[in-house]
>>> print(open('protein.txt').read())   # compact mmCIF, C-alpha atoms
# COMPACT_ATOMS: atom_id res chain seq x y z
CA MET A 26 96.11 -64.43 230.88
CA LYS A 27 93.72 -61.81 231.83
CA LYS A 28 91.38 -61.00 229.04
CA ILE A 29 91.25 -57.33 228.04
CA SER A 30 87.80 -56.02 228.20
CA PRO A 31 86.37 -54.38 225.07
CA ARG A 32 85.73 -51.15 226.97
CA THR A 33 89.32 -50.87 228.04
CA LEU A 34 90.42 -51.61 224.50
CA GLN A 35 88.08 -48.92 223.21
CA THR A 36 89.41 -46.42 225.69
CA ALA A 37 92.97 -47.29 224.81
CA ILE A 38 92.27 -46.87 221.11
CA ILE A 39 90.63 -43.53 221.72
CA VAL A 40 93.56 -42.36 223.83
CA LEU A 41 96.04 -43.57 221.21
CA VAL A 42 94.12 -41.85 218.44
CA ALA A 43 93.88 -38.68 220.50
CA VAL A 44 97.58 -38.77 221.30
CA GLY A 45 98.29 -39.46 217.67
CA VAL A 46 96.17 -36.54 216.57
CA VAL A 47 97.88 -34.28 219.08
CA VAL A 48 101.30 -35.49 217.98
CA LEU A 49 100.38 -35.00 214.32
CA ALA A 50 98.96 -31.56 215.10
CA LEU A 51 102.10 -30.60 216.98
CA GLY A 52 104.10 -31.91 214.09
CA GLY A 53 102.26 -29.56 211.70
CA TYR A 54 100.57 -32.28 209.71
CA PHE A 55 97.05 -30.87 210.33
CA GLN A 56 97.81 -27.29 209.27
CA THR A 57 96.11 -27.56 205.89
CA ALA A 58 93.12 -29.29 207.36
CA SER A 59 92.82 -26.83 210.23
CA SER A 60 93.16 -23.90 207.85
CA TRP A 61 90.44 -25.23 205.63
CA PHE A 62 88.24 -25.91 208.60
CA GLY A 63 88.91 -22.53 210.20
CA GLY A 64 88.22 -20.79 206.91
CA LEU A 65 84.98 -22.61 206.58
CA ILE A 66 83.95 -21.56 210.08
CA VAL A 67 84.93 -17.94 209.53
CA ASP A 68 83.18 -17.77 206.17
CA SER A 69 80.06 -19.29 207.61
CA GLN A 70 80.09 -16.91 210.54
CA THR A 71 80.66 -13.94 208.27
CA TRP A 72 77.79 -14.95 206.02
CA ILE A 73 75.44 -15.44 208.94
CA SER A 74 76.56 -12.23 210.61
CA ASN A 75 76.10 -10.21 207.42
CA ARG A 76 72.66 -11.62 206.84
CA TYR A 77 71.74 -10.93 210.42
CA LEU A 78 72.95 -7.36 210.25
CA ALA A 79 71.15 -6.88 206.94
CA MET A 80 67.96 -8.10 208.50
CA VAL A 81 68.46 -5.83 211.51
CA ASP A 82 69.10 -2.90 209.19
CA PHE A 83 66.05 -3.76 207.17
CA LEU A 84 63.87 -3.94 210.25
CA THR A 85 65.22 -0.83 211.96
CA PHE A 86 65.90 1.37 208.86
CA PRO A 87 62.65 3.36 208.74
CA ARG A 88 62.92 4.30 212.37
CA ASP A 89 66.52 5.43 211.91
CA LEU A 90 65.58 7.43 208.82
CA ALA A 91 62.91 9.26 210.73
CA SER A 92 65.26 9.97 213.59
CA LEU A 93 67.98 11.03 211.17
CA ARG A 94 65.59 13.35 209.41
CA GLN A 95 64.57 14.81 212.71
CA ARG A 96 68.18 15.18 213.74
CA ASN A 97 68.99 16.75 210.38
CA ALA A 98 66.18 19.23 210.80
CA GLU A 99 67.40 20.05 214.28
CA LEU A 100 70.92 20.59 213.02
CA GLU A 101 69.70 22.70 210.11
CA ALA A 102 67.71 24.82 212.52
CA GLU A 103 70.78 25.10 214.72
CA VAL A 104 72.92 26.14 211.75
CA ALA A 105 70.34 28.74 210.75
CA ARG A 106 70.20 30.04 214.31
CA LEU A 107 73.97 30.25 214.50
CA GLN A 108 74.17 31.99 211.14
CA THR A 109 71.62 34.53 212.33
CA GLN A 110 73.64 34.95 215.48
CA ILE A 111 76.80 35.49 213.43
CA ILE A 112 75.07 38.15 211.34
CA GLU A 113 73.75 39.85 214.47
CA LEU A 114 77.17 39.75 216.09
CA GLU A 115 78.82 41.12 212.96
CA GLN A 116 76.22 43.88 212.92
CA GLN A 117 76.92 44.57 216.59
CA VAL A 118 80.65 44.67 215.92
CA THR A 119 80.11 47.15 213.10
CA GLU A 120 77.83 49.27 215.24
CA THR A 121 80.27 49.11 218.12
CA GLU A 122 83.11 50.21 215.87
CA ILE A 123 81.05 53.12 214.56
CA LEU A 124 79.94 54.11 218.05
CA SER A 125 83.50 53.79 219.31
CA ALA A 126 84.64 56.10 216.53
CA LEU A 127 81.87 58.54 217.45
CA VAL A 128 82.98 58.46 221.09
CA ASP A 129 86.58 59.07 220.01
CA PHE A 130 85.40 62.00 217.92
CA ALA A 131 83.47 63.43 220.85
CA ARG A 132 86.52 63.04 223.13
CA ALA A 133 88.75 64.68 220.55
CA ASN A 134 86.40 67.66 220.34
CA PRO A 135 85.53 68.36 223.98
CA GLU A 136 84.42 71.91 223.25
CA ASN A 137 81.08 70.55 222.04
CA THR A 138 78.46 68.40 223.71
CA TYR A 139 76.91 65.66 221.67
CA LYS A 140 73.90 63.42 221.55
CA ALA A 141 74.22 60.22 219.56
CA ALA A 142 71.38 59.20 217.28
CA THR A 143 70.52 56.46 214.84
CA VAL A 144 69.36 57.21 211.32
CA ILE A 145 65.98 55.52 211.03
CA GLY A 146 64.76 56.70 207.66
CA ARG A 147 64.98 58.94 204.66
CA ASP A 148 62.67 61.54 203.27
CA PRO A 149 59.95 60.04 201.07
CA SER A 150 60.62 62.62 198.37
CA PRO A 151 63.46 61.77 195.99
CA PHE A 152 64.15 65.48 195.52
CA LEU A 153 65.25 65.95 199.11
CA ASN A 154 68.35 64.61 200.84
CA TYR A 155 67.00 64.45 204.36
CA VAL A 156 67.38 61.76 206.99
CA ILE A 157 65.25 61.05 210.03
CA ILE A 158 66.98 60.38 213.36
CA ASN A 159 65.59 58.74 216.49
CA ILE A 160 66.03 61.60 218.96
CA GLY A 161 63.95 64.74 219.11
CA ALA A 162 62.60 67.51 221.28
CA ASN A 163 62.33 65.21 224.30
CA ASP A 164 66.11 64.77 224.13
CA GLY A 165 66.75 68.49 223.88
CA ILE A 166 67.18 68.60 220.12
CA LEU A 167 66.31 71.90 218.47
CA PRO A 168 66.09 72.99 214.84
CA GLY A 169 69.40 74.31 213.54
CA MET A 170 71.66 72.09 215.60
CA PRO A 171 74.58 70.76 213.53
CA VAL A 172 74.85 67.05 212.88
CA VAL A 173 78.18 65.29 212.40
CA THR A 174 79.75 61.85 212.27
CA GLN A 175 83.24 60.86 213.30
CA GLN A 176 84.29 61.67 209.73
CA GLY A 177 82.82 65.13 209.44
CA LEU A 178 79.82 67.30 208.78
CA VAL A 179 76.48 65.69 207.87
CA GLY A 180 74.01 68.55 208.04
CA GLN A 181 71.66 70.40 210.31
CA VAL A 182 68.47 69.59 212.19
CA ASP A 183 65.60 70.88 210.09
CA ALA A 184 62.48 69.92 212.05
CA VAL A 185 61.81 68.25 215.38
CA VAL A 186 59.02 66.27 216.99
CA GLY A 187 59.02 64.62 220.40
CA GLU A 188 60.94 61.45 219.60
CA ALA A 189 62.48 62.17 216.21
CA ALA A 190 64.07 64.85 214.12
CA ARG A 191 64.58 65.51 210.44
CA VAL A 192 68.07 66.44 209.29
CA ILE A 193 68.86 68.26 206.08
CA MET A 194 72.15 66.95 204.75
CA ILE A 195 74.71 69.24 203.21
CA ASN A 196 74.33 67.52 199.84
CA ASP A 197 70.67 68.56 199.58
CA PRO A 198 70.03 70.93 196.65
CA ALA A 199 68.74 73.57 199.08
CA SER A 200 71.76 73.36 201.37
CA ALA A 201 74.44 76.06 201.43
CA VAL A 202 77.30 76.01 203.95
CA ASN A 203 79.98 78.62 204.46
CA VAL A 204 83.32 76.86 204.34
CA ARG A 205 87.00 77.64 204.42
CA LEU A 206 89.72 76.14 202.27
CA GLN A 207 92.42 75.37 204.78
CA LYS A 208 95.48 75.58 202.54
CA ALA A 209 94.42 78.61 200.52
CA ASN A 210 92.90 80.21 203.61
CA THR A 211 89.96 81.52 201.64
CA GLU A 212 86.21 81.36 202.09
CA ALA A 213 83.74 79.64 199.80
CA MET A 214 80.18 78.42 199.62
CA LEU A 215 79.51 74.68 199.67
CA VAL A 216 76.31 73.72 197.84
CA GLY A 217 74.52 70.44 197.30
CA SER A 218 72.83 69.19 194.19
CA LEU A 219 70.05 67.00 192.91
CA THR A 220 72.42 64.07 192.47
CA GLY A 221 73.91 64.50 195.94
CA ASP A 222 77.24 65.76 194.66
CA LEU A 223 78.92 68.65 196.47
CA SER A 224 80.54 71.64 194.86
CA LEU A 225 82.22 74.85 195.93
CA ASP A 226 81.15 78.21 194.63
CA MET A 227 82.03 81.83 195.34
CA ILE A 228 85.76 81.11 195.52
CA SER A 229 87.77 84.24 194.87
CA GLN A 230 89.60 84.30 191.55
CA ASP A 231 92.78 85.24 193.39
CA ALA A 232 92.79 82.12 195.54
CA ILE A 233 95.07 79.29 194.51
CA ILE A 234 93.08 76.09 194.83
CA GLU A 235 94.45 72.63 194.18
CA PRO A 236 92.91 69.15 194.22
CA GLY A 237 93.28 67.65 197.67
CA ASP A 238 92.80 70.89 199.56
CA VAL A 239 90.95 70.31 202.80
CA ILE A 240 87.59 72.02 203.34
CA LEU A 241 86.36 73.00 206.80
CA THR A 242 83.34 74.90 208.00
CA SER A 243 84.13 78.57 208.45
CA GLY A 244 81.49 79.42 211.04
CA LEU A 245 80.38 82.41 209.01
CA GLY A 246 76.65 82.93 208.86
CA GLY A 247 76.14 81.33 212.23
CA GLY A 248 74.69 78.12 210.86
CA TYR A 249 77.55 75.81 211.80
CA PRO A 250 80.45 75.89 214.26
CA PRO A 251 83.84 76.47 212.64
CA ASN A 252 86.50 73.90 211.76
CA ILE A 253 84.32 70.86 211.15
CA LEU A 254 85.80 68.75 208.36
CA VAL A 255 83.68 68.64 205.22
CA GLY A 256 85.79 67.13 202.45
CA GLN A 257 88.48 67.67 199.89
CA VAL A 258 88.69 69.48 196.58
CA VAL A 259 88.60 67.08 193.65
CA SER A 260 88.86 69.44 190.71
CA VAL A 261 88.84 73.17 190.09
CA ARG A 262 87.08 75.13 187.38
CA LYS A 263 88.56 78.54 186.81
CA LEU A 264 87.41 80.72 183.94
CA ASP A 265 88.84 84.18 183.51
CA TYR A 266 85.55 85.76 182.49
CA GLU A 267 83.70 84.52 185.58
CA LEU A 268 83.61 86.31 188.90
CA PHE A 269 84.39 83.26 190.99
CA GLN A 270 86.12 79.92 190.76
CA GLN A 271 84.22 76.72 191.28
CA ALA A 272 85.33 73.31 192.48
CA SER A 273 83.90 69.86 192.91
CA VAL A 274 84.18 68.28 196.33
CA GLN A 275 84.69 64.77 197.65
CA PRO A 276 82.85 64.67 200.99
CA VAL A 277 84.36 62.80 203.91
CA VAL A 278 80.94 61.45 204.85
CA ASN A 279 79.26 58.81 202.72
CA PHE A 280 75.76 60.25 202.84
CA SER A 281 74.06 57.14 201.51
CA GLN A 282 75.57 54.97 204.24
CA VAL A 283 75.09 57.14 207.31
CA GLN A 284 73.83 55.00 210.21
CA PHE A 285 74.79 56.85 213.37
CA VAL A 286 75.27 60.56 213.89
CA LEU A 287 76.11 63.02 216.64
CA VAL A 288 74.02 66.11 217.20
CA ILE A 289 75.99 69.05 218.60
CA THR A 290 73.63 70.21 221.30
CA ASN A 291 75.51 73.17 222.73
CA PHE A 292 75.62 75.10 219.47
CA LYS A 293 73.03 77.84 219.09
CA PRO A 294 72.51 78.66 215.43
CA VAL A 295 72.17 82.33 214.61
CA ASP A 296 69.45 83.43 212.27
CA ILE A 297 70.98 86.31 210.34
CA LYS A 298 68.16 86.66 207.84
CA PRO A 299 66.78 89.80 209.51
CA LEU A 300 70.22 91.38 209.15
CA LEU A 301 70.50 90.70 205.43
CA PRO A 302 69.80 93.67 203.16
CA THR A 303 66.46 93.42 201.43
CA ARG A 304 67.38 95.66 198.50
CA MET B 12 33.28 51.89 205.34
CA ARG B 13 34.17 52.54 208.95
CA MET B 14 36.35 49.44 208.93
CA ALA B 15 38.11 50.64 205.79
CA ILE B 16 38.81 54.00 207.42
CA LEU B 17 40.11 52.32 210.56
CA LEU B 18 42.27 50.04 208.45
CA SER B 19 43.81 52.99 206.64
CA VAL B 20 45.81 54.08 209.70
CA PRO B 21 47.85 50.89 210.19
CA VAL B 22 48.14 50.14 206.49
CA LEU B 23 49.35 53.60 205.53
CA GLY B 24 51.46 53.82 208.69
CA ILE B 25 53.27 50.58 207.90
CA THR B 26 53.63 51.64 204.27
CA LEU B 27 55.17 54.93 205.35
CA VAL B 28 57.61 53.15 207.65
CA LEU B 29 58.59 50.83 204.81
CA GLN B 30 58.92 53.82 202.51
CA THR B 31 61.22 55.82 204.79
CA ALA B 32 63.20 52.90 206.20
CA ILE B 33 63.67 50.72 203.12
CA ALA B 34 62.20 51.99 199.86
CA GLY B 35 63.71 55.46 200.30
CA ARG B 36 67.19 53.92 200.37
CA ILE B 37 66.75 52.08 197.07
CA HIS B 38 67.77 54.34 194.24
CA LEU B 39 67.68 54.19 190.49
CA LEU B 40 69.85 57.18 189.58
CA SER B 41 68.23 59.65 191.99
CA GLY B 42 64.72 58.22 191.77
CA THR B 43 63.04 56.14 194.47
CA PHE B 44 59.86 54.16 194.99
CA ASP B 45 56.71 55.88 196.24
CA LEU B 46 54.92 53.08 198.08
CA ILE B 47 52.22 55.36 199.48
CA LEU B 48 51.30 56.44 195.98
CA LEU B 49 51.15 52.84 194.82
CA VAL B 50 48.98 51.74 197.75
CA LEU B 51 46.60 54.65 197.25
CA ALA B 52 46.42 54.04 193.50
CA ALA B 53 45.75 50.33 193.96
CA TRP B 54 43.16 51.03 196.65
CA ALA B 55 41.39 53.58 194.47
CA LEU B 56 41.17 51.04 191.65
CA GLN B 57 39.22 48.56 193.76
CA GLU B 58 35.64 48.93 192.65
CA GLN B 59 34.09 47.95 195.94
CA VAL B 60 36.16 50.42 197.96
CA LYS B 61 34.30 53.42 199.35
CA ALA B 62 36.87 55.22 201.50
CA ALA B 63 39.54 55.95 198.90
CA TRP B 64 39.35 59.71 199.45
CA VAL B 65 39.87 59.35 203.17
CA TRP B 66 42.89 57.18 202.49
CA ALA B 67 44.27 59.85 200.16
CA VAL B 68 43.87 62.60 202.75
CA LEU B 69 45.42 60.48 205.48
CA GLY B 70 48.31 59.33 203.28
CA GLY B 71 48.96 62.88 202.12
CA LEU B 72 49.02 64.23 205.66
CA MET B 73 51.25 61.43 206.91
CA VAL B 74 53.80 62.02 204.17
CA GLY B 75 53.42 65.76 204.65
CA ILE B 76 54.40 65.44 208.31
CA VAL B 77 57.44 63.26 207.62
CA SER B 78 58.72 64.87 204.44
CA GLY B 79 60.61 68.09 203.99
CA LEU B 80 58.22 68.99 201.19
CA PRO B 81 55.36 71.36 202.06
CA TRP B 82 52.53 69.23 203.45
CA TYR B 83 50.02 70.27 200.83
CA VAL B 84 52.16 68.88 197.98
CA SER B 85 51.66 65.26 199.00
CA LEU B 86 48.06 65.91 200.05
CA PHE B 87 47.10 67.48 196.75
CA GLY B 88 49.16 65.01 194.73
CA TYR B 89 47.62 61.93 196.33
CA LEU B 90 44.11 63.37 196.01
CA VAL B 91 44.74 63.79 192.29
CA VAL B 92 46.05 60.22 192.07
CA VAL B 93 42.97 58.83 193.82
CA GLY B 94 40.71 60.99 191.66
CA VAL B 95 42.31 59.63 188.50
CA GLY B 96 42.08 56.15 189.94
CA ARG B 97 38.36 56.42 190.64
CA LEU B 98 37.84 57.81 187.15
CA LEU B 99 39.76 54.94 185.60
CA THR B 100 37.82 52.42 187.65
CA ARG B 101 34.66 53.52 185.95
CA ARG B 102 36.18 53.64 182.46
CA VAL B 103 38.62 50.73 182.18
CA TRP B 104 37.64 48.54 185.09
CA GLN B 105 37.81 45.43 182.86
CA ALA B 106 41.61 45.71 182.74
CA PRO B 107 42.71 46.50 186.27
CA LEU B 108 46.41 45.97 185.63
CA LEU B 109 46.32 48.33 182.68
CA ALA B 110 44.55 50.84 184.88
CA MET B 111 47.19 50.33 187.60
CA PHE B 112 50.02 50.93 185.15
CA SER B 113 48.29 54.02 183.80
CA ILE B 114 47.61 55.53 187.19
CA THR B 115 51.12 54.69 188.40
CA PHE B 116 52.64 56.41 185.40
CA MET B 117 50.40 59.45 185.63
CA GLY B 118 50.54 59.64 189.42
CA SER B 119 54.34 59.45 189.55
CA LEU B 120 54.59 62.07 186.85
CA ILE B 121 52.12 64.36 188.61
CA MET B 122 53.75 63.96 192.02
CA GLY B 123 57.24 64.49 190.61
CA THR B 124 56.28 67.51 188.57
CA LEU B 125 54.31 69.02 191.44
CA SER B 126 57.22 68.54 193.86
CA LEU B 127 59.64 70.01 191.36
CA MET B 128 57.48 73.05 190.70
CA ILE B 129 56.89 73.80 194.37
CA LEU B 130 60.56 73.38 195.30
CA ARG B 131 61.61 75.62 192.42
CA PHE B 132 58.99 78.13 193.48
CA PHE B 133 60.56 78.26 196.93
CA GLY B 134 64.00 78.84 195.46
CA ASP B 135 65.63 75.41 195.34
CA PRO B 136 68.06 75.38 192.42
CA LEU B 137 66.65 72.31 190.70
CA PRO B 138 67.35 72.11 186.96
CA MET B 139 64.32 70.94 184.98
CA GLY B 140 66.11 68.58 182.61
CA GLU B 141 68.11 66.81 185.29
CA SER B 142 65.08 66.62 187.54
CA TYR B 143 63.15 64.70 184.92
CA SER B 144 66.00 62.53 183.70
CA LEU B 145 67.53 61.72 187.09
CA VAL B 146 64.56 61.75 189.46
CA ILE B 147 61.12 61.68 187.92
CA LEU B 148 61.60 59.20 185.07
CA PRO B 149 63.62 56.70 187.19
CA SER B 150 60.97 57.02 189.91
CA ILE B 151 58.26 56.25 187.35
CA LEU B 152 60.16 53.14 186.26
CA LEU B 153 60.63 51.94 189.83
CA ASN B 154 56.99 52.57 190.64
CA LEU B 155 55.87 50.67 187.54
CA LEU B 156 58.02 47.73 188.63
CA ALA B 157 56.51 47.73 192.11
CA SER B 158 52.96 48.42 190.97
CA ILE B 159 52.00 44.80 190.20
CA PRO B 160 52.87 43.25 193.59
CA VAL B 161 51.36 46.22 195.41
CA PHE B 162 48.21 45.91 193.33
CA TRP B 163 47.79 42.21 194.16
CA ILE B 164 48.36 42.78 197.86
CA VAL B 165 45.90 45.68 198.02
CA ARG B 166 43.34 43.80 195.93
CA ASP B 167 43.56 40.83 198.26
CA MET B 168 43.15 43.16 201.22
CA ALA B 169 40.11 44.82 199.65
CA ARG B 170 38.51 41.44 198.90
CA ARG B 171 38.94 40.37 202.49
CA LEU B 172 37.45 43.63 203.67
CA TYR B 173 34.51 43.58 201.26
CA PRO B 174 33.69 39.88 200.80
CA ALA B 175 30.02 40.51 200.09
CA ALA B 176 30.77 42.73 197.14
CA VAL B 177 32.98 40.03 195.60
CA GLU B 178 30.34 37.34 196.00
CA ALA B 179 27.72 39.59 194.43
>>> encode(input="protein.txt", output="structure tokens")
Amino acid sequence: MKKISPRTLQTAIIVLVAVGVVVLALGGYFQTASSWFGGLIVDSQTWISNRYLAMVDFLTFPRDLASLRQRNAELEAEVARLQTQIIELEQQVTETEILSALVDFARANPENTYKAATVIGRDPSPFLNYVIINIGANDGILPGMPVVTQQGLVGQVDAVVGEAARVIMINDPASAVNVRLQKANTEAMLVGSLTGDLSLDMISQDAIIEPGDVILTSGLGGGYPPNILVGQVVSVRKLDYELFQQASVQPVVNFSQVQFVLVITNFKPVDIKPLLPTR
Amino acid sequence: MRMAILLSVPVLGITLVLQTAIAGRIHLLSGTFDLILLVLAAWALQEQVKAAWVWAVLGGLMVGIVSGLPWYVSLFGYLVVVGVGRLLTRRVWQAPLLAMFSITFMGSLIMGTLSLMILRFFGDPLPMGESYSLVILPSILLNLLASIPVFWIVRDMARRLYPAAVEA
């Protein structure tokens, strides 16, 4: 009988054990053990991985913070720039709308020629309701030329220099404009006041005036062209013992918010002072 | 002194632009700031300043050109303000802020009253009571509010312009 060598025996045992392990594994007998072992591996790997990542974070954190801060500053600057851009665009939209309305007004009133201007300032004196516009003698502007917006009458050019002009608004205390009440078809005098409020004076006692009546320039006196919208009657004061009625007026133009105006350049104001009786 | 005179043109020019473009649109009732008055008052109160009168003339003429008021109203008014300021500098120089408040109050009152009188003289229908209650007194209040920052700015400017006088 051939003697089995120890090496062969060892190999056979190993093969048998291996086959046995495989058979047991296939039979599901190692599931608990493999689960425990797998869990141990996964837990160990998780622990090591977490520690590694923590160390990496610890080592690289300051650099990331600096870069994040820089990025944050860049984004904040970008946000600020975009906000500024939004404000500028909104301003441009508003200006475009106003200018578009002015162009529409000029097209709707082709009998006049206009020059558009921007309001760049107000009179330093609080007693005067004047504005300063950015066109002047170099643009053909002359004293006395009427100034309007798309809504209605603003005033009249009072003084001119090369690149600018001063406009007296109709709500100035010294302003007086001859107007016509459209519905009543009667003349009146529109006067300003210290507070900027407008009122009508010299209205005939016979005229029937009601709140809401539209007021237009009459063209009398030669200071303004006729039929420019001024405002509406708000309330009427009629006293039997007075010679004339009076009325308060809601202007169509918001004088404190005027930004752009049109100067009517083809209107030649008439100075009738020499024709007025002196006695 | 020459430097101070040269400086007056840009300083008063910028102040006038700020006045017409911004300060003139800020209202309390019907009153507004008068930045030129405040700058001139603060400048006149600086002890080391020599050219205050020139500043007053220049400021008055600048406002006279821009404003619808007769040119001599602002010229005369600002000269009075500077005159009072120089007088106060000699009397109450130890309390510059008190002097600034005093000159602001008096200067605003003088300028307002002077404007009112001249406009009434030329036929503007300005009622006295309303003019004081709606224009002059609110303007005085606004000017008093703005007087402190304007004073500090002008004082700093004067110290930069006359460093030797400060060191002495």
>>> interface_residues(input="protein.txt", of="chain B", to="chain A", cutoff="10 Å", atoms="all atoms listed in the file", output="ChimeraX atom specification")
/B:27-38,40-47,74-80,85,122-123,126-127,130-131,133-138,141-142,145-147,150
>>> write_last_selection(input="protein.txt", atoms="C-alpha atoms", output="PDB file, keeping the file's coordinate frame")
ATOM      1  CA  LEU B  27      55.170  54.930 205.350  1.00  0.00           C
ATOM      2  CA  VAL B  28      57.610  53.150 207.650  1.00  0.00           C
ATOM      3  CA  LEU B  29      58.590  50.830 204.810  1.00  0.00           C
ATOM      4  CA  GLN B  30      58.920  53.820 202.510  1.00  0.00           C
ATOM      5  CA  THR B  31      61.220  55.820 204.790  1.00  0.00           C
ATOM      6  CA  ALA B  32      63.200  52.900 206.200  1.00  0.00           C
ATOM      7  CA  ILE B  33      63.670  50.720 203.120  1.00  0.00           C
ATOM      8  CA  ALA B  34      62.200  51.990 199.860  1.00  0.00           C
ATOM      9  CA  GLY B  35      63.710  55.460 200.300  1.00  0.00           C
ATOM     10  CA  ARG B  36      67.190  53.920 200.370  1.00  0.00           C
ATOM     11  CA  ILE B  37      66.750  52.080 197.070  1.00  0.00           C
ATOM     12  CA  HIS B  38      67.770  54.340 194.240  1.00  0.00           C
ATOM     13  CA  LEU B  40      69.850  57.180 189.580  1.00  0.00           C
ATOM     14  CA  SER B  41      68.230  59.650 191.990  1.00  0.00           C
ATOM     15  CA  GLY B  42      64.720  58.220 191.770  1.00  0.00           C
ATOM     16  CA  THR B  43      63.040  56.140 194.470  1.00  0.00           C
ATOM     17  CA  PHE B  44      59.860  54.160 194.990  1.00  0.00           C
ATOM     18  CA  ASP B  45      56.710  55.880 196.240  1.00  0.00           C
ATOM     19  CA  LEU B  46      54.920  53.080 198.080  1.00  0.00           C
ATOM     20  CA  ILE B  47      52.220  55.360 199.480  1.00  0.00           C
ATOM     21  CA  VAL B  74      53.800  62.020 204.170  1.00  0.00           C
ATOM     22  CA  GLY B  75      53.420  65.760 204.650  1.00  0.00           C
ATOM     23  CA  ILE B  76      54.400  65.440 208.310  1.00  0.00           C
ATOM     24  CA  VAL B  77      57.440  63.260 207.620  1.00  0.00           C
ATOM     25  CA  SER B  78      58.720  64.870 204.440  1.00  0.00           C
ATOM     26  CA  GLY B  79      60.610  68.090 203.990  1.00  0.00           C
ATOM     27  CA  LEU B  80      58.220  68.990 201.190  1.00  0.00           C
ATOM     28  CA  SER B  85      51.660  65.260 199.000  1.00  0.00           C
ATOM     29  CA  MET B 122      53.750  63.960 192.020  1.00  0.00           C
ATOM     30  CA  GLY B 123      57.240  64.490 190.610  1.00  0.00           C
ATOM     31  CA  SER B 126      57.220  68.540 193.860  1.00  0.00           C
ATOM     32  CA  LEU B 127      59.640  70.010 191.360  1.00  0.00           C
ATOM     33  CA  LEU B 130      60.560  73.380 195.300  1.00  0.00           C
ATOM     34  CA  ARG B 131      61.610  75.620 192.420  1.00  0.00           C
ATOM     35  CA  PHE B 133      60.560  78.260 196.930  1.00  0.00           C
ATOM     36  CA  GLY B 134      64.000  78.840 195.460  1.00  0.00           C
ATOM     37  CA  ASP B 135      65.630  75.410 195.340  1.00  0.00           C
ATOM     38  CA  PRO B 136      68.060  75.380 192.420  1.00  0.00           C
ATOM     39  CA  LEU B 137      66.650  72.310 190.700  1.00  0.00           C
ATOM     40  CA  PRO B 138      67.350  72.110 186.960  1.00  0.00           C
ATOM     41  CA  GLU B 141      68.110  66.810 185.290  1.00  0.00           C
ATOM     42  CA  SER B 142      65.080  66.620 187.540  1.00  0.00           C
ATOM     43  CA  LEU B 145      67.530  61.720 187.090  1.00  0.00           C
ATOM     44  CA  VAL B 146      64.560  61.750 189.460  1.00  0.00           C
ATOM     45  CA  ILE B 147      61.120  61.680 187.920  1.00  0.00           C
ATOM     46  CA  SER B 150      60.970  57.020 189.910  1.00  0.00           C
TER      47      SER B 150
END
>>> atom_distance(input="protein.txt", atom1="CA of Gly180 in chain A", atom2="CA of Pro236 in chain A")
23.4 Å
>>> residues_around(input="protein.txt", residues="Gln271 in chain A", least_positions_apart="5", cutoff="6 Å", atoms="all atoms listed in the file", output="ChimeraX atom specification")
/A:225-226,261-262
>>> residues_around(input="protein.txt", residues="Val182 in chain A", least_positions_apart="3", cutoff="12 Å", atoms="all atoms listed in the file", output="PyMOL selection string")
(chain A and resi 142+155-158+160-162+165-173+179+185-186+189-195+200+248-249+286-290+292-294) or (chain B and resi 79)
>>> residues_near_point(input="protein.txt", point="(85.6, 67.3, 205.1)", cutoff="8 Å", atoms="only C-alpha atoms", output="JSON, numbers by chain")
{"A": [176, 177, 178, 239, 240, 241, 253, 254, 255, 256, 257, 275, 276, 277, 278]}
>>> closest_residue(input="protein.txt", among="A:Leu65, A:Arg96, A:Glu267, A:Ile234", to="Ala213 in chain A", atoms="all atoms listed in the file")
A:Ile234
>>> closest_residue(input="protein.txt", among="A:Glu101, A:Glu122, A:Asp265, A:Asp238", to="Arg205 in chain A", atoms="only C-alpha atoms")
A:Asp238
>>> atom_distance(input="protein.txt", atom1="CA of Thr124 in chain B", atom2="CA of Gly24 in chain B")
24.8 Å
>>> atom_distance(input="protein.txt", atom1="CA of Val259 in chain A", atom2="CA of Leu245 in chain A")
23.2 Å
